[in-house]
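Undergrad: Pasting in a structure now, in structure tokens, and then I'll have a few things to ask.
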Amino acid sequence: MTQHPQGTTAADRRFPNNRFARGINPWQFTWHLTAMVFTCFAPFCFSWQGLTAFLVLYWVTASLGVCLGFHRLLSHRSFQTSKPTLWFFALLGCLSGQGSVIQWVATHRKHHRHSDRDEDPHSPRHGKLWSHMLWLMPYHSFSDVERLKRKWTPDLMKDPVLRAMDKCFVLFHIAAGIALYCLGYVIGGPAIAWSMLIWGFFVRMVFVYHVTFFVNSASHLWGYRNYDTDDDSRNLWWVGLLAWGEGWHNNHHAYQRLARAGHKWWEIDLTYAFILGLEKVGLVWKVVKETPHTAKTLTLFAAKRAL
């Protein structure tokens, strides 16, 4: 039987028994299957150029795109910046392969509001594999997705550029794949072209997928807690390193608007370091930095989450 945290209501307890009653999302399934199939060719297409493309784009799409852009900027408004800078980091996040920008943010905000309750889109309480990636697979209609966006991201829906990105994110992937292949062809012909495409696009995308998925699954299962939040969030060191700071997940759930996820000296947060660099050169401002370590603040936080 599922245990519900104190303060939950009937509205929080709507997790469906048959998660695939409306079938599997064919686009999600095909996209992930295609990425996995091409990734299987990686050992036969290795090159140093391909590995370099993998490492550079792993940082650009995961740290700058997802962690900084989708998560800390758009989901939580942990700092402020100009519209062009916001659009730039949103574009990098779109290149991660994790879906449309507005839907990503809407799902994440819903996760925080219902963390580890039945309305949570990806809680390990509903199954470890479910929280890791199966939650992406059930079919949702266009109207379902639009309702999700309108409820959780009315601020982003007002931005015409973000709405355009939300609709055209697949085109960005096609363009990125073509660009990688062409760059590789110029560098070293067809062999390097395929290596750049396989390693810089497919291997990198699958790797970033699972690093991000581990934040949803592993960081709600294993690790230690700095804060007594009313969910199962944990700080997990290896996810913290692989996910550019996002694995200090209990810290983040306690203080969601903080730009930094690492609160102890050993909790390395490279995404936050880059945010500080952007602040120094004037590209971002009003960075939320303070961590209130008081029992009163923690009590107020728990009371708000119970509402």
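Ordered as shown in the structure tokens, chains take letters A, B, and onward, while each chain numbers its residues from 1 and ligands are numbered from 1 in the order shown.
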Distance table requested - segment 64-117 of chain A against segment 235-255 of chain A, cut-off 9 Å, only C-alpha atoms: one row per qualifying residue with the closest atom pair and its distance in Å to one decimal, ordered by chain and rising residue number, as CSV.

TA:
```
residue,atom,partner,partner_atom,distance
A:Cys67,CA,A:Glu246,CA,7.0
A:His112,CA,A:His253,CA,7.4
A:Ser115,CA,A:His253,CA,8.9
```

Undergrad: Selection from above, N, CA and C atoms, as a compact mmCIF listing (two decimals), in the first residue's frame, can you write it?

TA:
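result.txt was written with the following content:
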```txt
# COMPACT_ATOMS: atom_id res chain seq x y z
N CYS A 67 20.53 21.77 -16.81
CA CYS A 67 20.70 22.18 -15.41
C CYS A 67 20.55 23.70 -15.25
N HIS A 112 7.75 18.99 -8.18
CA HIS A 112 8.03 19.63 -6.89
C HIS A 112 6.77 19.81 -6.06
N SER A 115 5.85 16.10 -4.86
CA SER A 115 7.01 15.21 -4.78
C SER A 115 6.74 13.97 -3.93
```

Undergrad: Give me, as a list in words, all polymer residues having an atom no more than 12 Å from Met165 of chain A, counting only C-alpha atoms and skipping those fewer than 3 positions away in the same chain.

TA: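 The residues satisfying every condition are Trp87, Phe88, Phe89, Ala90, Leu91, Leu92, Gly93, Cys94, Leu95, Gly99, Ser100, Val101, Ile102, Gln103, Leu156, Met157, Asp159, Pro160, Val161, Leu162, Cys168, Phe169, Val170, Leu171, Phe172 and His173 of chain A.
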
Undergrad: Just how far from atom CA of Gly200 of chain A is atom CA of Glu279 of chain A, in Å to one decimal?

TA: 29.3 Å

Undergrad: Could you give me, as a PyMOL selection string, the residues within 10 Å of segment 203-205 of chain A, counting only C-alpha atoms and dropping anything in the same chain fewer than 3 positions from it?

TA: chain A and resi 32+35-36+38-42+50-51+53-59+61-62+95-98+196-200+208-211

Undergrad: Those residues with C-alpha atoms, as a CSV table (one decimal), in the first residue's frame please?

TA:
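Heads up, here's the output in out_29.csv:
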```
chain,number,residue,atom,x,y,z
A,32,HIS,CA,14.4,6.3,-27.5
A,35,ALA,CA,18.8,6.5,-30.1
A,36,MET,CA,19.6,3.2,-28.4
A,38,PHE,CA,22.5,3.9,-33.1
A,39,THR,CA,24.4,4.0,-29.7
A,40,CYS,CA,25.1,0.3,-30.1
A,41,PHE,CA,27.3,1.2,-33.1
A,42,ALA,CA,29.5,3.4,-30.9
A,50,GLY,CA,33.8,11.8,-31.9
A,51,LEU,CA,34.8,11.5,-28.2
A,53,ALA,CA,32.1,16.0,-29.6
A,54,PHE,CA,30.6,13.8,-26.9
A,55,LEU,CA,32.3,15.5,-24.0
A,56,VAL,CA,31.8,19.0,-25.3
A,57,LEU,CA,28.1,18.5,-26.0
A,58,TYR,CA,27.6,16.6,-22.8
A,59,TRP,CA,28.6,19.7,-20.9
A,61,THR,CA,23.4,20.3,-23.3
A,62,ALA,CA,23.4,18.8,-19.8
A,95,LEU,CA,19.3,20.1,-27.9
A,96,SER,CA,19.6,17.7,-24.9
A,97,GLY,CA,16.8,15.6,-26.4
A,98,GLN,CA,14.6,15.7,-23.3
A,196,MET,CA,30.9,12.5,-34.8
A,197,LEU,CA,27.2,11.8,-35.4
A,198,ILE,CA,27.1,8.6,-33.4
A,199,TRP,CA,29.2,9.9,-30.4
A,200,GLY,CA,28.3,13.5,-30.5
A,208,VAL,CA,22.5,12.7,-20.8
A,209,TYR,CA,19.1,11.0,-20.7
A,210,HIS,CA,20.2,8.5,-18.0
A,211,VAL,CA,22.2,11.0,-16.0
```

Undergrad: Which residue, A:His114, A:Lys280, A:Lys289, A:Arg22, has the smallest gap to Ser141 of chain A when you use only C-alpha atoms?

TA: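 For Ser141 of chain A, the nearest of the candidates is A:Arg22.
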
Undergrad: If you run DSSP on the backbone here, which positions in segment 87-129 of chain A get alpha helix (DSSP H)? Please write them as JSON, numbers by chain.

TA: {"A": [87, 88, 89, 90, 91, 92, 93, 94, 101, 102, 103, 104, 105, 106, 107, 108, 109, 110, 111, 112, 113, 128, 129]}

Undergrad: For the residues in that selection, give me C-alpha atoms as an mmCIF file, in the first residue's frame.

TA:
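Wrote result37.cif, looks like this:
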```
data_model
loop_
_atom_site.group_PDB
_atom_site.id
_atom_site.type_symbol
_atom_site.label_atom_id
_atom_site.label_comp_id
_atom_site.auth_asym_id
_atom_site.auth_seq_id
_atom_site.Cartn_x
_atom_site.Cartn_y
_atom_site.Cartn_z
ATOM 1 C CA TRP A 87 16.451 31.982 -25.143
ATOM 2 C CA PHE A 88 20.046 30.876 -25.770
ATOM 3 C CA PHE A 89 20.156 28.575 -22.738
ATOM 4 C CA ALA A 90 16.653 27.306 -23.513
ATOM 5 C CA LEU A 91 17.900 26.379 -26.989
ATOM 6 C CA LEU A 92 20.830 24.451 -25.504
ATOM 7 C CA GLY A 93 18.352 22.595 -23.308
ATOM 8 C CA CYS A 94 16.248 21.732 -26.353
ATOM 9 C CA VAL A 101 11.157 23.262 -23.155
ATOM 10 C CA ILE A 102 7.761 24.283 -21.759
ATOM 11 C CA GLN A 103 6.603 20.705 -21.196
ATOM 12 C CA TRP A 104 9.889 19.910 -19.405
ATOM 13 C CA VAL A 105 9.460 22.859 -17.042
ATOM 14 C CA ALA A 106 5.771 22.120 -16.457
ATOM 15 C CA THR A 107 6.532 18.500 -15.554
ATOM 16 C CA HIS A 108 9.317 19.546 -13.209
ATOM 17 C CA ARG A 109 7.196 22.113 -11.395
ATOM 18 C CA LYS A 110 4.464 19.511 -10.974
ATOM 19 C CA HIS A 111 7.072 17.114 -9.566
ATOM 20 C CA HIS A 112 8.033 19.628 -6.893
ATOM 21 C CA ARG A 113 4.448 20.390 -5.947
ATOM 22 C CA LYS A 128 12.140 2.246 -9.626
ATOM 23 C CA LEU A 129 12.116 1.680 -13.371
#
```

Undergrad: Please determine, counting only C-alpha atoms, which residue among A:Leu180, A:Val186, A:Ala191, A:Leu276 has the shortest atom-to-atom distance to Thr52 of chain A.

TA: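 With only C-alpha atoms as the atom set, the closest residue is A:Leu180.
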
Undergrad: Of the residues A:Tyr139, A:Gly262, A:Thr81, A:Phe274, which is the one nearest to Asn226 of chain A, using only C-alpha atoms?

TA: A:Gly262

Undergrad: Identify which of the residues A:Val215, A:Leu86, A:Ala259, A:Leu136 lies closest to Thr30 of chain A, counting only C-alpha atoms when measuring atom-to-atom distances.

TA: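 Closest residue, counting only C-alpha atoms: A:Leu136.
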
Undergrad: Point out the residue among A:Thr34, A:Gly223, A:Leu183, A:Asn216 with the least atom-to-atom distance to His132 of chain A, counting only C-alpha atoms.

TA: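 With only C-alpha atoms as the atom set, the closest residue is A:Asn216.
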